[in-house]
$ cat protein_21.cif   # mmCIF, C-alpha atoms
data_model
loop_
_atom_site.label_atom_id
_atom_site.label_comp_id
_atom_site.auth_asym_id
_atom_site.auth_seq_id
_atom_site.Cartn_x
_atom_site.Cartn_y
_atom_site.Cartn_z
CA MET A 229 -69.32 -172.76 1.95
CA THR A 230 -69.16 -175.43 -0.72
CA SER A 231 -69.70 -179.14 -0.04
CA PRO A 232 -67.00 -181.69 -0.78
CA SER A 233 -67.43 -184.35 -3.42
CA ASN A 234 -65.69 -187.71 -3.25
CA LEU A 235 -63.26 -188.82 -5.91
CA PHE A 236 -63.83 -192.48 -5.10
CA ALA A 237 -67.62 -192.26 -5.20
CA ARG A 238 -69.83 -193.17 -8.15
CA MET A 239 -67.47 -195.80 -9.48
CA PRO A 240 -69.11 -197.63 -12.38
CA ARG A 241 -69.46 -201.39 -12.06
CA ARG A 242 -69.11 -201.93 -15.76
CA LEU A 243 -66.70 -199.81 -17.70
CA PRO A 244 -66.65 -200.36 -21.45
CA ASP A 245 -64.45 -197.28 -21.98
CA GLU A 246 -62.18 -195.11 -19.90
CA LEU A 247 -64.24 -192.72 -17.82
CA PHE A 248 -63.20 -189.04 -17.72
CA THR A 249 -64.91 -186.80 -15.17
CA THR A 250 -64.06 -183.12 -14.95
CA LEU A 251 -63.76 -182.13 -11.30
CA LEU A 252 -62.72 -178.55 -11.89
CA ASP A 253 -62.59 -176.44 -15.05
CA ALA A 254 -60.99 -173.05 -14.51
CA ALA A 255 -59.32 -170.48 -16.75
CA SER A 256 -55.93 -172.14 -16.84
CA VAL A 257 -56.32 -175.49 -15.16
CA ARG A 258 -58.58 -178.49 -15.50
CA ILE A 259 -58.73 -181.32 -12.97
CA GLU A 260 -59.99 -184.66 -14.22
CA ARG A 261 -60.62 -188.04 -12.67
CA ILE A 262 -59.80 -190.87 -15.05
CA VAL A 263 -61.10 -194.37 -14.31
CA CYS A 264 -59.73 -197.27 -16.36
CA HIS A 265 -59.99 -201.02 -16.04
CA GLY A 266 -57.15 -202.37 -18.11
CA HIS A 267 -57.95 -200.01 -20.97
CA ALA A 268 -55.27 -198.96 -23.40
CA SER A 269 -55.25 -196.38 -26.14
CA PRO A 270 -55.01 -197.86 -29.64
CA GLY A 271 -51.57 -199.18 -30.59
CA GLU A 272 -50.65 -196.54 -33.14
CA PHE A 273 -52.26 -193.66 -31.30
CA TRP A 274 -49.99 -191.10 -29.57
CA TYR A 275 -51.17 -188.28 -27.37
CA ASP A 276 -49.73 -184.95 -28.51
CA GLN A 277 -51.20 -182.28 -26.30
CA ASP A 278 -51.05 -178.50 -26.36
CA GLN A 279 -51.50 -178.63 -22.61
CA HIS A 280 -49.13 -179.74 -19.91
CA GLU A 281 -50.43 -182.64 -17.86
CA TRP A 282 -49.60 -183.65 -14.31
CA VAL A 283 -50.87 -187.09 -13.40
CA ILE A 284 -51.08 -189.08 -10.19
CA VAL A 285 -52.23 -192.66 -9.74
CA LEU A 286 -54.34 -193.08 -6.61
CA LYS A 287 -55.48 -196.70 -6.90
CA GLY A 288 -54.34 -199.62 -9.01
CA ALA A 289 -51.61 -199.09 -11.56
CA ALA A 290 -50.96 -197.52 -14.93
CA ARG A 291 -48.41 -197.74 -17.67
CA LEU A 292 -47.53 -194.74 -19.79
CA ARG A 293 -45.58 -195.18 -22.97
CA PHE A 294 -43.37 -192.39 -24.32
CA GLU A 295 -41.29 -192.24 -27.46
CA ASP A 296 -38.20 -193.07 -25.40
CA GLY A 297 -39.57 -195.68 -23.02
CA SER A 298 -42.42 -196.56 -20.74
CA VAL A 299 -43.08 -195.92 -17.08
CA GLU A 300 -45.10 -197.88 -14.53
CA LEU A 301 -47.13 -195.88 -12.06
CA LYS A 302 -48.34 -197.23 -8.73
CA PRO A 303 -50.43 -195.53 -6.06
CA GLY A 304 -48.82 -192.23 -5.10
CA ASN A 305 -46.67 -192.04 -8.22
CA CYS A 306 -46.99 -188.71 -9.97
CA LEU A 307 -45.49 -187.46 -13.17
CA ASN A 308 -45.30 -184.14 -14.97
CA ILE A 309 -45.78 -184.47 -18.72
CA PRO A 310 -44.86 -181.28 -20.61
CA ALA A 311 -46.92 -180.36 -23.68
CA HIS A 312 -45.73 -181.97 -26.96
CA MET K 41 -39.04 -189.07 -20.39
CA THR K 42 -39.30 -187.89 -16.80
CA SER K 43 -39.31 -190.24 -13.83
CA PRO K 44 -42.25 -190.41 -11.47
CA SER K 45 -41.96 -189.36 -7.85
CA ASN K 46 -44.15 -190.81 -5.12
CA LEU K 47 -46.47 -188.65 -3.09
CA PHE K 48 -46.48 -191.10 -0.19
CA ALA K 49 -42.69 -191.41 -0.02
CA ARG K 50 -40.40 -189.53 2.34
CA MET K 51 -42.98 -189.24 5.08
CA PRO K 52 -41.39 -187.74 8.17
CA ARG K 53 -41.56 -189.77 11.38
CA ARG K 54 -41.70 -186.71 13.55
CA LEU K 55 -43.63 -183.72 12.39
CA PRO K 56 -43.45 -180.67 14.65
CA ASP K 57 -45.16 -178.51 12.01
CA GLU K 58 -47.29 -179.05 8.93
CA LEU K 59 -45.08 -180.05 6.02
CA PHE K 60 -45.62 -178.33 2.66
CA THR K 61 -43.85 -179.79 -0.36
CA THR K 62 -44.22 -178.19 -3.78
CA LEU K 63 -44.67 -180.91 -6.38
CA LEU K 64 -45.16 -178.59 -9.35
CA ASP K 65 -44.77 -174.85 -9.71
CA ALA K 66 -45.91 -173.57 -13.08
CA ALA K 67 -47.05 -170.20 -14.43
CA SER K 68 -50.61 -170.43 -13.22
CA VAL K 69 -50.83 -173.50 -11.02
CA ARG K 70 -48.96 -174.85 -8.03
CA ILE K 71 -49.39 -178.40 -6.72
CA GLU K 72 -48.50 -178.99 -3.09
CA ARG K 73 -48.44 -181.98 -0.80
CA ILE K 74 -49.46 -181.06 2.73
CA VAL K 75 -48.70 -183.48 5.57
CA CYS K 76 -50.27 -182.82 8.97
CA HIS K 77 -50.54 -184.85 12.14
CA GLY K 78 -53.35 -183.28 14.07
CA HIS K 79 -52.02 -179.79 13.41
CA ALA K 80 -54.33 -176.82 13.43
CA SER K 81 -53.81 -173.23 12.44
CA PRO K 82 -53.97 -170.77 15.37
CA GLY K 83 -57.47 -170.08 16.67
CA GLU K 84 -57.82 -166.51 15.47
CA PHE K 85 -56.00 -167.03 12.20
CA TRP K 86 -58.02 -167.08 8.96
CA TYR K 87 -56.64 -167.90 5.55
CA ASP K 88 -57.53 -165.17 3.05
CA GLN K 89 -55.90 -166.11 -0.23
CA ASP K 90 -55.54 -164.32 -3.55
CA GLN K 91 -55.41 -167.75 -5.15
CA HIS K 92 -58.12 -170.31 -5.64
CA GLU K 93 -57.38 -173.60 -3.92
CA TRP K 94 -58.61 -177.08 -4.78
CA VAL K 95 -57.90 -179.62 -2.08
CA ILE K 96 -58.21 -183.38 -1.84
CA VAL K 97 -57.60 -185.57 1.20
CA LEU K 98 -55.81 -188.79 0.27
CA LYS K 99 -55.15 -190.33 3.68
CA GLY K 100 -56.50 -189.67 7.15
CA ALA K 101 -58.92 -186.83 7.65
CA ALA K 102 -59.08 -183.06 7.80
CA ARG K 103 -61.41 -180.41 9.08
CA LEU K 104 -61.72 -177.05 7.39
CA ARG K 105 -63.46 -174.18 9.11
CA PHE K 106 -65.13 -171.44 7.10
CA GLU K 107 -66.91 -168.33 8.29
CA ASP K 108 -70.25 -170.08 7.80
CA GLY K 109 -69.44 -173.54 9.10
CA SER K 110 -66.93 -176.35 9.01
CA VAL K 111 -66.48 -179.36 6.78
CA GLU K 112 -64.95 -182.77 7.47
CA LEU K 113 -62.88 -184.31 4.70
CA LYS K 114 -62.13 -188.01 4.43
CA PRO K 115 -60.06 -189.87 1.84
CA GLY K 116 -61.26 -188.98 -1.64
CA ASN K 117 -63.13 -185.88 -0.52
CA CYS K 118 -62.22 -182.86 -2.58
CA LEU K 119 -63.27 -179.26 -2.30
CA ASN K 120 -62.87 -176.13 -4.39
CA ILE K 121 -62.15 -173.05 -2.30
CA PRO K 122 -62.47 -169.82 -4.30
CA ALA K 123 -60.08 -166.96 -3.49
CA HIS K 124 -61.19 -164.64 -0.64
#

$ encode --input "protein_21.cif" --output "structure tokens"
Amino acid sequence: MTSPSNLFARMPRRLPDELFTTLLDAASVRIERIVCHGHASPGEFWYDQDQHEWVIVLKGAARLRFEDGSVELKPGNCLNIPAH
Amino acid sequence: MTSPSNLFARMPRRLPDELFTTLLDAASVRIERIVCHGHASPGEFWYDQDQHEWVIVLKGAARLRFEDGSVELKPGNCLNIPAH
């Protein structure tokens, strides 16, 4: 039997950069916790991933910008982002 | 751009059985929301899955029983359950 970890534990007090923590890394899926405090990726930077990404906001809020608009995410909001 | 859905929306008021909602069904991963109100699987029933399962409790609490003990999960607790 494995022991549970807690997603909300070990929150840093200071956070100079976004914090990515891999919770699970399997053959075809990776689960990450991302902690941000008002961080934003650089203005001209666009993510262009080979991998599909499914995101959910659990606390706070996030804004994702796409080529055709932006979307605000609040707790419980989840979004499927196909690769490329 | 796709629109976000909300995991905490459309909660049933009455819940005679556990409610499973598939949020994403892809080639090698399925994401499900499970809503329970004090439900338990039948006493002699054991899950024995071909698939690995990673679970996280977001609200309330859950208890999972394994052959070698049980584990209590509270909000934020996550657990990787290998197949078989």

$ closest_residue --input "protein_21.cif" --among "K:Pro122, K:Gly116, K:Val97, K:Ser110" --to "chain A" --atoms "all atoms listed in the file"
K:Gly116

$ atom_distance --input "protein_21.cif" --atom1 "atom CA of Leu286 of chain A" --atom2 "atom CA of Val299 of chain A"
15.6 Å

$ interface_residues --input "protein_21.cif" --of "chain A" --to "chain K" --cutoff "9 Å" --atoms "all atoms listed in the file" --output "number ranges by chain"
A: 229-237, 251-252, 256-257, 282, 284, 286, 294-309

$ resolve_selection --input "protein_21.cif" --expression "the PyMOL selection byres ((chain K and resi 81) around 12)" --output "short mmCIF file (atom, residue, chain, number, x, y, z; two decimals) with C-alpha atoms, keeping the file's coordinate frame"
data_model
loop_
_atom_site.label_atom_id
_atom_site.label_comp_id
_atom_site.auth_asym_id
_atom_site.auth_seq_id
_atom_site.Cartn_x
_atom_site.Cartn_y
_atom_site.Cartn_z
CA ASP K 57 -45.16 -178.51 12.01
CA GLU K 58 -47.29 -179.05 8.93
CA CYS K 76 -50.27 -182.82 8.97
CA GLY K 78 -53.35 -183.28 14.07
CA HIS K 79 -52.02 -179.79 13.41
CA ALA K 80 -54.33 -176.82 13.43
CA PRO K 82 -53.97 -170.77 15.37
CA GLY K 83 -57.47 -170.08 16.67
CA GLU K 84 -57.82 -166.51 15.47
CA PHE K 85 -56.00 -167.03 12.20
CA TRP K 86 -58.02 -167.08 8.96
CA TYR K 87 -56.64 -167.90 5.55
CA ARG K 103 -61.41 -180.41 9.08
CA LEU K 104 -61.72 -177.05 7.39
CA ARG K 105 -63.46 -174.18 9.11
#

$ atom_distance --input "protein_21.cif" --atom1 "atom CA of Ile74 of chain K" --atom2 "atom CA of Asp88 of chain K"
17.8 Å

$ calpha_fit_and_write --input "protein_21.cif" --fixed "chain A" --moving "chain K" --output "short mmCIF file (atom, residue, chain, number, x, y, z; two decimals) with C-alpha atoms, in the frame of the given file"
data_model
loop_
_atom_site.label_atom_id
_atom_site.label_comp_id
_atom_site.auth_asym_id
_atom_site.auth_seq_id
_atom_site.Cartn_x
_atom_site.Cartn_y
_atom_site.Cartn_z
CA MET K 41 -69.28 -172.79 2.00
CA THR K 42 -69.15 -175.44 -0.70
CA SER K 43 -69.70 -179.13 -0.03
CA PRO K 44 -67.01 -181.68 -0.75
CA SER K 45 -67.45 -184.34 -3.39
CA ASN K 46 -65.70 -187.70 -3.22
CA LEU K 47 -63.28 -188.81 -5.89
CA PHE K 48 -63.83 -192.48 -5.09
CA ALA K 49 -67.63 -192.26 -5.20
CA ARG K 50 -69.83 -193.17 -8.15
CA MET K 51 -67.47 -195.79 -9.48
CA PRO K 52 -69.09 -197.61 -12.38
CA ARG K 53 -69.45 -201.39 -12.08
CA ARG K 54 -69.08 -201.92 -15.78
CA LEU K 55 -66.69 -199.79 -17.71
CA PRO K 56 -66.64 -200.36 -21.47
CA ASP K 57 -64.45 -197.28 -21.99
CA GLU K 58 -62.17 -195.10 -19.90
CA LEU K 59 -64.25 -192.70 -17.84
CA PHE K 60 -63.21 -189.04 -17.73
CA THR K 61 -64.91 -186.81 -15.17
CA THR K 62 -64.06 -183.12 -14.95
CA LEU K 63 -63.76 -182.14 -11.30
CA LEU K 64 -62.73 -178.53 -11.91
CA ASP K 65 -62.59 -176.45 -15.06
CA ALA K 66 -61.02 -173.06 -14.51
CA ALA K 67 -59.33 -170.48 -16.75
CA SER K 68 -55.95 -172.13 -16.83
CA VAL K 69 -56.32 -175.49 -15.15
CA ARG K 70 -58.59 -178.49 -15.51
CA ILE K 71 -58.74 -181.32 -12.97
CA GLU K 72 -59.99 -184.67 -14.22
CA ARG K 73 -60.63 -188.04 -12.67
CA ILE K 74 -59.79 -190.86 -15.06
CA VAL K 75 -61.09 -194.36 -14.32
CA CYS K 76 -59.73 -197.26 -16.37
CA HIS K 77 -59.99 -201.01 -16.05
CA GLY K 78 -57.16 -202.37 -18.11
CA HIS K 79 -57.96 -200.01 -20.98
CA ALA K 80 -55.28 -198.98 -23.41
CA SER K 81 -55.24 -196.40 -26.15
CA PRO K 82 -54.99 -197.88 -29.67
CA GLY K 83 -51.55 -199.17 -30.61
CA GLU K 84 -50.63 -196.54 -33.16
CA PHE K 85 -52.23 -193.65 -31.31
CA TRP K 86 -49.98 -191.10 -29.59
CA TYR K 87 -51.17 -188.29 -27.38
CA ASP K 88 -49.73 -184.96 -28.54
CA GLN K 89 -51.20 -182.29 -26.30
CA ASP K 90 -51.05 -178.50 -26.35
CA GLN K 91 -51.50 -178.64 -22.59
CA HIS K 92 -49.13 -179.74 -19.89
CA GLU K 93 -50.43 -182.66 -17.86
CA TRP K 94 -49.61 -183.66 -14.30
CA VAL K 95 -50.87 -187.10 -13.39
CA ILE K 96 -51.08 -189.07 -10.17
CA VAL K 97 -52.23 -192.66 -9.72
CA LEU K 98 -54.35 -193.07 -6.59
CA LYS K 99 -55.48 -196.69 -6.89
CA GLY K 100 -54.34 -199.62 -8.99
CA ALA K 101 -51.61 -199.08 -11.53
CA ALA K 102 -50.96 -197.52 -14.90
CA ARG K 103 -48.41 -197.74 -17.65
CA LEU K 104 -47.52 -194.76 -19.79
CA ARG K 105 -45.56 -195.20 -22.98
CA PHE K 106 -43.38 -192.40 -24.31
CA GLU K 107 -41.31 -192.27 -27.46
CA ASP K 108 -38.20 -193.08 -25.43
CA GLY K 109 -39.57 -195.70 -23.06
CA SER K 110 -42.41 -196.57 -20.74
CA VAL K 111 -43.08 -195.92 -17.09
CA GLU K 112 -45.10 -197.88 -14.53
CA LEU K 113 -47.13 -195.87 -12.05
CA LYS K 114 -48.34 -197.22 -8.73
CA PRO K 115 -50.42 -195.52 -6.04
CA GLY K 116 -48.83 -192.21 -5.10
CA ASN K 117 -46.66 -192.03 -8.20
CA CYS K 118 -46.99 -188.72 -9.96
CA LEU K 119 -45.50 -187.46 -13.17
CA ASN K 120 -45.31 -184.14 -14.98
CA ILE K 121 -45.78 -184.47 -18.73
CA PRO K 122 -44.87 -181.28 -20.60
CA ALA K 123 -46.92 -180.37 -23.69
CA HIS K 124 -45.74 -181.96 -26.98
#

$ atom_distance --input "protein_21.cif" --atom1 "atom CA of Glu260 of chain A" --atom2 "atom CA of Gln279 of chain A"
13.4 Å

$ residues_near_point --input "protein_21.cif" --point "(-43.2, -180.8, -30.5)" --cutoff "10 Å" --atoms "all atoms listed in the file" --output "number ranges by chain"
A: 276-278, 311-312

$ decode --input "protein_21.cif" --residues "segment 109-123 of chain K" --atoms "all heavy atoms" --output "short mmCIF file (atom, residue, chain, number, x, y, z; two decimals), in the first residue's frame"
data_model
loop_
_atom_site.label_atom_id
_atom_site.label_comp_id
_atom_site.auth_asym_id
_atom_site.auth_seq_id
_atom_site.Cartn_x
_atom_site.Cartn_y
_atom_site.Cartn_z
N GLY K 109 -4.32 -2.87 4.36
CA GLY K 109 -4.62 -1.73 5.23
C GLY K 109 -5.49 -0.71 4.52
O GLY K 109 -5.80 -0.85 3.34
N SER K 110 -5.89 0.32 5.25
CA SER K 110 -6.72 1.34 4.62
C SER K 110 -6.06 2.70 4.77
O SER K 110 -5.17 2.90 5.60
CB SER K 110 -8.13 1.35 5.24
OG SER K 110 -8.08 1.79 6.57
N VAL K 111 -6.50 3.63 3.93
CA VAL K 111 -5.90 4.95 3.94
C VAL K 111 -7.01 6.00 3.87
O VAL K 111 -7.99 5.83 3.15
CB VAL K 111 -4.87 5.08 2.78
CG1 VAL K 111 -5.51 4.85 1.42
CG2 VAL K 111 -4.19 6.43 2.80
N GLU K 112 -6.86 7.04 4.68
CA GLU K 112 -7.83 8.14 4.70
C GLU K 112 -7.30 9.25 3.80
O GLU K 112 -6.13 9.63 3.91
CB GLU K 112 -7.95 8.71 6.12
CG GLU K 112 -8.37 7.72 7.18
CD GLU K 112 -9.88 7.54 7.23
OE1 GLU K 112 -10.60 8.43 6.73
OE2 GLU K 112 -10.33 6.51 7.77
N LEU K 113 -8.15 9.77 2.98
CA LEU K 113 -7.75 10.87 2.09
C LEU K 113 -8.56 12.11 2.39
O LEU K 113 -9.79 12.06 2.48
CB LEU K 113 -7.96 10.46 0.62
CG LEU K 113 -7.20 9.24 0.12
CD1 LEU K 113 -7.58 8.94 -1.33
CD2 LEU K 113 -5.70 9.43 0.23
N LYS K 114 -7.85 13.22 2.57
CA LYS K 114 -8.49 14.51 2.79
C LYS K 114 -8.18 15.42 1.61
O LYS K 114 -7.37 15.06 0.75
CB LYS K 114 -7.97 15.11 4.10
CG LYS K 114 -8.46 14.27 5.28
CD LYS K 114 -7.99 14.80 6.61
CE LYS K 114 -8.60 13.95 7.73
NZ LYS K 114 -8.10 14.32 9.05
N PRO K 115 -8.78 16.62 1.57
CA PRO K 115 -8.55 17.47 0.41
C PRO K 115 -7.07 17.70 0.13
O PRO K 115 -6.31 18.07 1.03
CB PRO K 115 -9.27 18.78 0.79
CG PRO K 115 -10.41 18.30 1.62
CD PRO K 115 -9.83 17.19 2.46
N GLY K 116 -6.69 17.48 -1.11
CA GLY K 116 -5.30 17.63 -1.53
C GLY K 116 -4.54 16.32 -1.51
O GLY K 116 -3.51 16.20 -2.17
N ASN K 117 -5.03 15.33 -0.78
CA ASN K 117 -4.33 14.05 -0.73
C ASN K 117 -4.47 13.33 -2.07
O ASN K 117 -5.58 13.18 -2.60
CB ASN K 117 -4.89 13.13 0.36
CG ASN K 117 -4.32 13.42 1.73
OD1 ASN K 117 -5.02 13.27 2.72
ND2 ASN K 117 -3.06 13.81 1.81
N CYS K 118 -3.36 12.87 -2.59
CA CYS K 118 -3.38 12.12 -3.83
C CYS K 118 -2.58 10.84 -3.67
O CYS K 118 -1.70 10.74 -2.83
CB CYS K 118 -2.87 12.96 -5.00
SG CYS K 118 -1.36 13.90 -4.66
N LEU K 119 -2.95 9.87 -4.49
CA LEU K 119 -2.43 8.52 -4.31
C LEU K 119 -2.34 7.85 -5.68
O LEU K 119 -3.26 7.95 -6.48
CB LEU K 119 -3.39 7.73 -3.41
CG LEU K 119 -2.94 6.40 -2.84
CD1 LEU K 119 -1.77 6.59 -1.88
CD2 LEU K 119 -4.09 5.73 -2.11
N ASN K 120 -1.23 7.18 -5.92
CA ASN K 120 -1.08 6.40 -7.14
C ASN K 120 -1.36 4.94 -6.83
O ASN K 120 -0.76 4.37 -5.92
CB ASN K 120 0.35 6.56 -7.68
CG ASN K 120 0.52 5.88 -9.02
OD1 ASN K 120 -0.39 5.92 -9.85
ND2 ASN K 120 1.66 5.26 -9.23
N ILE K 121 -2.30 4.36 -7.56
CA ILE K 121 -2.69 2.97 -7.32
C ILE K 121 -2.34 2.16 -8.56
O ILE K 121 -3.03 2.23 -9.57
CB ILE K 121 -4.21 2.87 -7.04
CG1 ILE K 121 -4.60 3.84 -5.91
CG2 ILE K 121 -4.57 1.44 -6.67
CD1 ILE K 121 -6.11 3.99 -5.74
N PRO K 122 -1.24 1.40 -8.50
CA PRO K 122 -0.84 0.61 -9.67
C PRO K 122 -1.90 -0.44 -10.01
O PRO K 122 -2.64 -0.89 -9.13
CB PRO K 122 0.48 -0.05 -9.23
CG PRO K 122 0.96 0.76 -8.07
CD PRO K 122 -0.28 1.25 -7.39
N ALA K 123 -1.95 -0.85 -11.26
CA ALA K 123 -2.90 -1.88 -11.70
C ALA K 123 -2.65 -3.17 -10.90
O ALA K 123 -1.52 -3.49 -10.56
CB ALA K 123 -2.73 -2.14 -13.19
#
